[in-house]
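*Asks:* Below you will find the structure I want to go over with you.
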There are 2 protein chains.
Amino acid sequence: MSALLTDLYQLSMLQAYLDEGMEQTAVFELFVRKLPRRRNFLIAAGLDQALEFLETLHFSEDEIAWVEQQGGFSKQLLDSLRRFRFTGDVHAVPEGTVFFPNEPVLRVTAPLPQAQLVESRLLNLVHFQTVIASKAVRSVLAAPGKQLVDFGMRRAHGAEAALLAARAAYLAGFSGTATAQAGMQFDIPVFGTMAHSFIQAHRNERNAFEAFARARCQNVVLLIDTYDTEAAARKVVEIAPQLALEGIPIKGVRLDSGDLAAHAFAVRAILDQGGLRDTTIFSSGNLDEDRVHALMRAGAPIDGFGIGTALDTSSDAPFLDAVYKLQEYAGGPRRKRSEGKATWPGCKQVFRNYDAEGRMAFDTVALDIEAQPGERLLNPVMLAGHRIAADQLAEARRRTAAQVALLPGELRLLEPASLAYRVDISSALRELTRALDAENV
Amino acid sequence: MSALLTDLYQLSMLQAYLDEGMEQTAVFELFVRKLPRRRNFLIAAGLDQALEFLETLHFSEDEIAWVEQQGGFSKQLLDSLRRFRFTGDVHAVPEGTVFFPNEPVLRVTAPLPQAQLVESRLLNLVHFQTVIASKAVRSVLAAPGKQLVDFGMRRAHGAEAALLAARAAYLAGFSGTATAQAGMQFDIPVFGTMAHSFIQAHRNERNAFEAFARARCQNVVLLIDTYDTEAAARKVVEIAPQLALEGIPIKGVRLDSGDLAAHAFAVRAILDQGGLRDTTIFSSGNLDEDRVHALMRAGAPIDGFGIGTALDTSSDAPFLDAVYKLQEYAGGPRRKRSEGKATWPGCKQVFRNYDAEGRMAFDTVALDIEAQPGERLLNPVMLAGHRIAADQLAEARRRTAAQVALLPGELRLLEPASLAYRVDISSALRELTRALDAENV
């Protein structure tokens with residue numbers, strides 16, 4: 001990825017830092033200021049890509065030439081870009097960790113120019129996957145044990161969004177994705193059925209079903225809503241015996257329109273009466289966690305769900321109020337006091353405490369140097385520009401499941417919880433904030 | 001871009017088409033089924049990237065090896081992927097064209113397997129930029145003549161989203177972007193100010209202002225809300241004379257928090273009294289077209305707006321109901337009849353009609369072979385896999401401005417229009433649909 005995938009102002013600030021010799025150590029923290037209305041918790045994701053970005057960051061000669069053309073940048077600045085590497089430390093919560101507002105999930109400790117320049121892309125990577133993982137886990141909670149497949153590539157916001165959404169959804173507990181490249185790149189299981197165009201291209205639906213089954217031979221899932229759903233289900237029953245003789249089982253049918261619950265009941269009855277008890281029903285079509293939840297409550301005999309646009313765009317909350325803020329420079333704590341956007345200063349840690357049953361009870365945001373009870377969520381993942389922790393995606397996926405199981409029950413519901421999770425601010429942190437405000441009047 | 005940036009089912013369908021010898025010509029059309037509630041029209045965008053995708057599409061050996069590993073694909077299919085190129089024709093409306101639901105904006109005419117495979121990425125590219133251009137133009141309408149800058153990279157959905165959002169916003173009339181790489185890649189003007197962290201890293205705000213101004217020398221825009229906005233504006237007035245002596249004008253100040261209108265009035269007064277009448281006020285901070293509109297109505301003395309997250313995620317409508325549907329195969333029209341998702345069959349054209357004042361009056365969606373009154377919006381842009389039209393981005397940007405100027409006035413307001421734009425379906429198209437339904441019962 002280009003080092004110029006950043007805001008121009010990062011380069012302007014680098015020029016000034018260079019002129020002033022301001023290259024001492026800075027601490028920046030990445031956190032979310034507040035939750036969207038329909039999120040009771042967030043799932044951290046994107047760390048793997050963030051660390052890869054930091055490890056490989058450099059400017060090409062073409063990029064430096066472009067910077068030079070913009071004017072106003074000194075030869076010294078251009079030379080410093082030529083040598084630019086990230087040599088700092090990173091502490092972070094592992095991917096799949098449940099977290100809440102004001103809790104840092106990633107902390108960069110590096111010379112100020114380095115820590116500054118990486119802001120835009122670090123946020124871009126961690127924000128997006130966290131948005132998607134936090135959306136996807138809601139469908140997982142709505143349909144426990146069901147097959148959930150990411151279908152969203154076509155309306156994801158570009159290529160990287162499609163790939164990283166597939167990854168984040170898998171991390172959050174989805175079974176896999178329809179996006180082939182995501183399967184190849186992240187070793188995520190891929191799933192696929194057939195499109196309406198396939199049915200339409202054939203003279204009749206029955207021929208289309210037979211041709212597809214014979215071509216595919218395995219994992220045959222037939223799309224049955226192109227013309228008349230129940231009529232198509234009966235065609236599936238009619239062609240199944242001959243295909244079975246050929247050794248081709250019909251694994252499933254897919255519903256994609258209309259009243260999905262009503263169609264699922266009717267189709268299940270047709271399949272069962274036709275002896276296709278093992279043929280599953282998969283559904284899709286403008287699904288999100290609320291529709292999935294409603295179908296589950298209605299007892300609709302649906303075995304799996306393809307969730308597309310609502311997942312890949314996190315349509316009800318397409319962004320988080322995620323920021324990356326300077327908390328310390330040259331050993332001194334710093335604080336932004338802008339109206340409605342003030343931050344807690346200093347190099348911080350999140351301490352998580354559990355109740356007697358092992359459930360999450362409350363967190364404390366404190367200075368990293370404090371000795372607070374609880375588990376420290378932020379741990380070193382990169383030292384002097386080199387990764388020291390390389391989590392596997394499968395591990396992050398297991399972590400999400402384990403973490404969500406420890407959440408207080410009400411937080412796991414789709415609707416806003418009556419009481420937010422308790423996040424305390426340590427008294428030492430409050431005291432530091434007061435002292436700092438008194439100093440800078 | 002990888003040819004595997006597609007849905008797995010496209011490959012399954014290719015296998016079946018190959019087995020059946022179904023390689024005759026197909027016509028697919030890309031269109032939007034309905035408008036989001038707060039959109040009165042859409043702006044077509046993304047064609048340039050779509051055509052580039054079609055021109056360069058091919059499978060690498062690594063990708064073919066991955067497909068083989070999935071199992072169920074024949075050697076013939078793998079060989080056909082090795083040779084795969086897009087050799088079809090494309091008709092499209094030019095970028096920057098105003099369009100409405102059910103109007104095809106892009107039509108692919110190609111052998112069925114080719115036209116099928118490209119579905120996922122074509123939609124991914126055209127959908128996203130159309131989403132963003134259609135969002136961005138609302139800010140342009142809300143603040144005519146003001147400087148509008150895309151600030152959204154950090155919360156865009158990944159790298160490609162950030163870059164293409166910058167492009168689509170510029171196409172829609174934005175002045176430029178803060179994203180450096182978008183400037184380099186698309187030759188879009190780039191803008192930048194400074195971050196709060198820059199102020200915080202310094203011992204005091206005044207030193208930070210002076211250091212930044214001396215480092216930047218040109219286009220100096222100072223961020224004045226880190227601690228106390230009006231106090232900071234007074235510091236700007238204090239440092240301005242010495243900087244002026246050094247040949248460094250303070251071009252502007254930026255407000256990023258609090259009551260932006262109130263701060264703008266107060267800051268304008270401070271700057272004017274301090275002799276800085278040419279220093280502009282730029283504002284940012286969770287802006288969208290509605291907030292911009294409210295600031296304009298309040299008469300706030302703001303010269304430019306940085307619009308970030310709401311723009312790059314199109315936060316109020318992060319997706320469109322955009323689809324790509326088979327309309328004709330082997331010379332015969334095709335139609336999907338799924339509940340709530342039925343399509344108009346056949347190879348179609350959009351005819352646009354204007355009133356006596358030259359304003360857009362109504363469109364007719366008709367069969368391409370019909371002789372209808374009005375301007376044909378779809379024209380050839382690619383023949384036999386080669387582009388024949390290469391629009392410049394600047395040209396598309398001018399087209400958006402010209403097209404929006406021709407819209408009926410009420411459609412240009414931010415609120416939903418009382419009457420939707422008139423889109424007729426030709427009687428020949430209705431007749432074809434009836435005939436087709438009668439044939440396929």
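We label chains A, B, ... in the order they appear in the structure tokens, count residues from 1 in each chain, and number ligands from 1 in the order shown.
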For Met194 of chain B, find every residue with an atom within 7 Å (counting only C-alpha atoms), except residues of its own chain fewer than 6 positions away, and show them as a ChimeraX atom specification.
*Replies:* /A:9,13 /B:222-223
*Asks:* List as a list in words the protein and nucleic acid residues near Leu148 of chain A, meaning an atom at most 6 Å away when only C-alpha atoms are counted, but skip any in the same chain fewer than 6 places from it.
*Replies:* Phe174, Ser175, Gly304, Phe305 and Gly306 of chain A
*Asks:* One number please: atom CA of Glu370 of chain B to atom CA of Phe351 of chain B, in Å, one decimal.
*Replies:* 10.0 Å
*Asks:* Which residues come within 10 Å of Gln15 of chain B, counting only C-alpha atoms, excluding same-chain residues fewer than 3 positions away, as an MDAnalysis selection string?
*Replies:* (chainID A and resid 211:212 214:216) or (chainID B and resid 9:12 18:21 72:74 76:78 80 113)
*Asks:* For the residues selected in the previous step, produce a file with C-alpha atoms as a compact mmCIF listing (two decimals), in the first residue's frame.
*Replies:*
```txt
# COMPACT_ATOMS: atom_id res chain seq x y z
CA ALA A 211 -27.41 -28.67 -15.63
CA PHE A 212 -26.11 -26.90 -12.55
CA ARG A 214 -24.43 -32.11 -12.99
CA ALA A 215 -21.77 -29.44 -13.46
CA ARG A 216 -21.26 -28.83 -9.75
CA TYR B 9 -20.89 -18.91 -7.65
CA GLN B 10 -19.75 -17.11 -10.77
CA LEU B 11 -17.15 -19.86 -11.20
CA SER B 12 -19.70 -22.61 -10.53
CA LEU B 18 -19.02 -24.62 -20.32
CA ASP B 19 -20.48 -28.12 -19.87
CA GLU B 20 -23.62 -27.08 -21.71
CA GLY B 21 -21.89 -25.08 -24.43
CA GLY B 72 -15.45 -29.81 -8.47
CA PHE B 73 -14.00 -27.83 -11.37
CA SER B 74 -13.01 -29.57 -14.60
CA GLN B 76 -11.62 -27.65 -19.28
CA LEU B 77 -12.89 -24.98 -16.91
CA LEU B 78 -9.40 -24.33 -15.56
CA SER B 80 -10.84 -21.66 -20.05
CA PRO B 113 -19.73 -16.73 -19.33
```
*Asks:* May I have the residues within 10 Å of Arg337 of chain B as a VMD selection string, using only C-alpha atoms and disregarding those fewer than 4 positions away in the same chain?
*Replies:* (chain A and resid 196 200 225 to 228) or (chain B and resid 341 to 344 437)
*Asks:* Can you write just those residues out, C-alpha atoms, as an mmCIF file, in the first residue's frame?
*Replies:*
```
data_model
loop_
_atom_site.group_PDB
_atom_site.id
_atom_site.type_symbol
_atom_site.label_atom_id
_atom_site.label_comp_id
_atom_site.auth_asym_id
_atom_site.auth_seq_id
_atom_site.Cartn_x
_atom_site.Cartn_y
_atom_site.Cartn_z
ATOM 1 C CA HIS A 196 -31.021 -15.812 -11.093
ATOM 2 C CA GLN A 200 -33.046 -17.123 -16.788
ATOM 3 C CA ASP A 225 -37.313 -18.085 -6.355
ATOM 4 C CA THR A 226 -36.766 -16.867 -9.909
ATOM 5 C CA TYR A 227 -40.380 -17.470 -10.982
ATOM 6 C CA ASP A 228 -42.489 -19.352 -8.392
ATOM 7 C CA LYS B 341 -37.657 -7.901 -7.616
ATOM 8 C CA ALA B 342 -39.103 -8.319 -11.133
ATOM 9 C CA THR B 343 -37.212 -6.687 -13.998
ATOM 10 C CA TRP B 344 -38.099 -5.224 -17.396
ATOM 11 C CA ASP B 437 -44.874 -13.761 -18.908
#
```
*Asks:* So which bits of segment 225-278 of chain B end up helix (DSSP H, G or I) when you DSSP the backbone, as an MDAnalysis selection string?
*Replies:* chainID B and resid 229:245 260:273
*Asks:* Please run DSSP on the backbone and report, as a ChimeraX atom specification, all residues within segment 67-173 of chain A that come out as strand (DSSP E).
*Replies:* /A:89-92,98-99,106-111,147-150
*Asks:* Please provide the set of residues having any atom within 10 Å of Ser134 of chain A, restricted to only C-alpha atoms, with same-chain residues fewer than 3 positions apart removed, written as a VMD selection string.
*Replies:* chain A and resid 39 to 45 96 98 128 to 131 137 to 139 168 to 169 172 311 314 317
*Asks:* The selected residues should be written to file as a JSON list (two decimals), in the first residue's frame (atoms: N, CA and C atoms).
*Replies:*
```json
[["chain", "number", "residue", "atom", "x", "y", "z"],
["A", 39, "ARG", "N", -25.45, -0.63, 19.38],
["A", 39, "ARG", "CA", -24.31, -1.49, 19.70],
["A", 39, "ARG", "C", -24.10, -1.43, 21.21],
["A", 40, "ASN", "N", -24.10, -2.59, 21.86],
["A", 40, "ASN", "CA", -23.85, -2.64, 23.30],
["A", 40, "ASN", "C", -22.37, -2.90, 23.61],
["A", 41, "PHE", "N", -21.63, -3.30, 22.61],
["A", 41, "PHE", "CA", -20.20, -3.56, 22.77],
["A", 41, "PHE", "C", -19.58, -3.58, 21.38],
["A", 42, "LEU", "N", -18.27, -3.57, 21.33],
["A", 42, "LEU", "CA", -17.55, -3.63, 20.05],
["A", 42, "LEU", "C", -16.57, -4.80, 20.08],
["A", 43, "ILE", "N", -16.22, -5.28, 18.90],
["A", 43, "ILE", "CA", -15.22, -6.34, 18.75],
["A", 43, "ILE", "C", -14.01, -5.76, 18.03],
["A", 44, "ALA", "N", -12.85, -5.79, 18.67],
["A", 44, "ALA", "CA", -11.63, -5.25, 18.05],
["A", 44, "ALA", "C", -11.20, -6.14, 16.89],
["A", 45, "ALA", "N", -10.91, -5.51, 15.75],
["A", 45, "ALA", "CA", -10.44, -6.27, 14.58],
["A", 45, "ALA", "C", -9.60, -5.36, 13.70],
["A", 96, "GLY", "N", -10.57, -9.74, 18.24],
["A", 96, "GLY", "CA", -11.63, -10.54, 18.83],
["A", 96, "GLY", "C", -11.96, -10.14, 20.26],
["A", 98, "VAL", "N", -13.62, -8.01, 23.13],
["A", 98, "VAL", "CA", -14.76, -7.13, 23.38],
["A", 98, "VAL", "C", -14.23, -5.85, 24.03],
["A", 128, "PHE", "N", -12.44, 0.11, 10.17],
["A", 128, "PHE", "CA", -13.36, -0.62, 9.30],
["A", 128, "PHE", "C", -13.61, -2.04, 9.78],
["A", 129, "GLN", "N", -12.56, -2.76, 10.07],
["A", 129, "GLN", "CA", -12.79, -4.15, 10.49],
["A", 129, "GLN", "C", -13.52, -4.21, 11.83],
["A", 130, "THR", "N", -13.28, -3.24, 12.68],
["A", 130, "THR", "CA", -14.00, -3.20, 13.96],
["A", 130, "THR", "C", -15.49, -2.92, 13.72],
["A", 131, "VAL", "N", -15.77, -2.02, 12.78],
["A", 131, "VAL", "CA", -17.17, -1.76, 12.39],
["A", 131, "VAL", "C", -17.84, -3.07, 11.95],
["A", 137, "VAL", "N", -21.13, -9.85, 14.54],
["A", 137, "VAL", "CA", -21.36, -10.66, 15.74],
["A", 137, "VAL", "C", -22.83, -10.61, 16.15],
["A", 138, "ARG", "N", -23.53, -9.58, 15.75],
["A", 138, "ARG", "CA", -24.96, -9.48, 16.07],
["A", 138, "ARG", "C", -25.76, -10.56, 15.34],
["A", 139, "SER", "N", -25.40, -10.87, 14.11],
["A", 139, "SER", "CA", -26.08, -11.96, 13.40],
["A", 139, "SER", "C", -25.73, -13.29, 14.04],
["A", 168, "ALA", "N", -13.40, -9.89, 8.63],
["A", 168, "ALA", "CA", -13.94, -9.46, 9.93],
["A", 168, "ALA", "C", -15.20, -10.26, 10.30],
["A", 169, "ALA", "N", -16.00, -10.59, 9.30],
["A", 169, "ALA", "CA", -17.21, -11.38, 9.58],
["A", 169, "ALA", "C", -16.83, -12.78, 10.04],
["A", 172, "ALA", "N", -15.73, -12.72, 13.48],
["A", 172, "ALA", "CA", -16.85, -12.55, 14.42],
["A", 172, "ALA", "C", -17.72, -13.79, 14.54],
["A", 311, "LEU", "N", -24.41, -6.28, 6.06],
["A", 311, "LEU", "CA", -23.18, -6.66, 6.76],
["A", 311, "LEU", "C", -21.99, -5.85, 6.25],
["A", 314, "SER", "N", -22.26, -2.31, 7.07],
["A", 314, "SER", "CA", -22.77, -2.07, 8.43],
["A", 314, "SER", "C", -23.84, -0.99, 8.33],
["A", 317, "ALA", "N", -25.08, 1.39, 11.02],
["A", 317, "ALA", "CA", -24.04, 2.15, 11.73],
["A", 317, "ALA", "C", -22.75, 2.00, 10.91]]
```
*Asks:* Under the rule that only C-alpha atoms are counted, which of B:Ala261, B:Leu326, B:Ile199, B:Leu8 is the nearest residue to Phe151 of chain A?
*Replies:*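 Looking at the shortest contact to Phe151 of chain A, the residue is B:Leu8.
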*Asks:* Could you work out how far atom CA of Ala264 of chain B lies from atom CA of Asp290 of chain B, giving the answer in Å with one decimal?
*Replies:*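 Distance between the two atoms: 17.4 Å.
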*Asks:* I'd like the contact shell of Arg399 of chain A - 8 Å cut-off, only C-alpha atoms, skipping same-chain residues fewer than 4 positions apart - returned as a list in words.
*Replies:*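 Near neighbours after the sequence-gap exclusion: Glu95, Gly96, Thr97, Glu395 and Gln403 of chain A.
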*Asks:* Since we have the selection now, will you write its residues out, keeping C-alpha atoms, as an mmCIF file, in the first residue's frame?
*Replies:*
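Saved as part20.cif:
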```cif
data_model
loop_
_atom_site.group_PDB
_atom_site.id
_atom_site.type_symbol
_atom_site.label_atom_id
_atom_site.label_comp_id
_atom_site.auth_asym_id
_atom_site.auth_seq_id
_atom_site.Cartn_x
_atom_site.Cartn_y
_atom_site.Cartn_z
ATOM 1 C CA GLU A 95 -8.300 -9.200 17.686
ATOM 2 C CA GLY A 96 -11.632 -10.542 18.834
ATOM 3 C CA THR A 97 -11.514 -8.676 22.156
ATOM 4 C CA GLU A 395 -7.453 -17.881 17.056
ATOM 5 C CA GLN A 403 -15.338 -13.173 24.880
#
```
*Asks:* Counting only C-alpha atoms, figure out which residue out of B:Ile224, B:Met360, B:Val67, B:Ala330 gets nearest to Leu411 of chain B.
*Replies:*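 Ranked by minimum distance to Leu411 of chain B, first place goes to B:Met360.
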*Asks:* From the set A:Val140, A:Ala178, A:Leu30, A:Val93, which residue has the shortest atom-to-atom contact distance to chain B, counting only C-alpha atoms?
*Replies:*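 Ranked by minimum distance to chain B, first place goes to A:Ala178.
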*Asks:* Neighbours of Asp256 of chain B within 8 Å (only C-alpha atoms; same-chain residues fewer than 2 positions away dropped), as a list in words?
*Replies:*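 Once the adjacent positions are removed, what remains is Leu223, Asp225, Arg254, Gly258, Leu260, Ser283, Ser284 and Gly285 of chain B.
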*Asks:* Okay, now the selection with C-alpha atoms, as an mmCIF file, in the first residue's frame?
*Replies:*
```cif
data_model
loop_
_atom_site.group_PDB
_atom_site.id
_atom_site.type_symbol
_atom_site.label_atom_id
_atom_site.label_comp_id
_atom_site.auth_asym_id
_atom_site.auth_seq_id
_atom_site.Cartn_x
_atom_site.Cartn_y
_atom_site.Cartn_z
ATOM 1 C CA LEU B 223 -6.526 24.753 13.730
ATOM 2 C CA ASP B 225 -10.204 24.720 18.654
ATOM 3 C CA ARG B 254 -10.092 25.894 10.997
ATOM 4 C CA GLY B 258 -18.552 23.187 19.367
ATOM 5 C CA LEU B 260 -19.611 26.151 14.553
ATOM 6 C CA SER B 283 -14.856 24.323 9.298
ATOM 7 C CA SER B 284 -15.016 20.592 9.892
ATOM 8 C CA GLY B 285 -16.148 18.168 12.585
#
```
*Asks:* Nearest to Ala136 of chain B among B:Asn204, B:Ser338, B:Thr313, B:Gln69, with distances taken over only C-alpha atoms: which residue is it?
*Replies:*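 Nearest to Ala136 of chain B: B:Thr313.
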*Asks:* For His91 of chain B, which residue among B:Leu393, B:Ile302, B:Met382, B:Leu171 is the nearest when counting only C-alpha atoms?
*Replies:*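 Selected residue with least distance to His91 of chain B: B:Met382.
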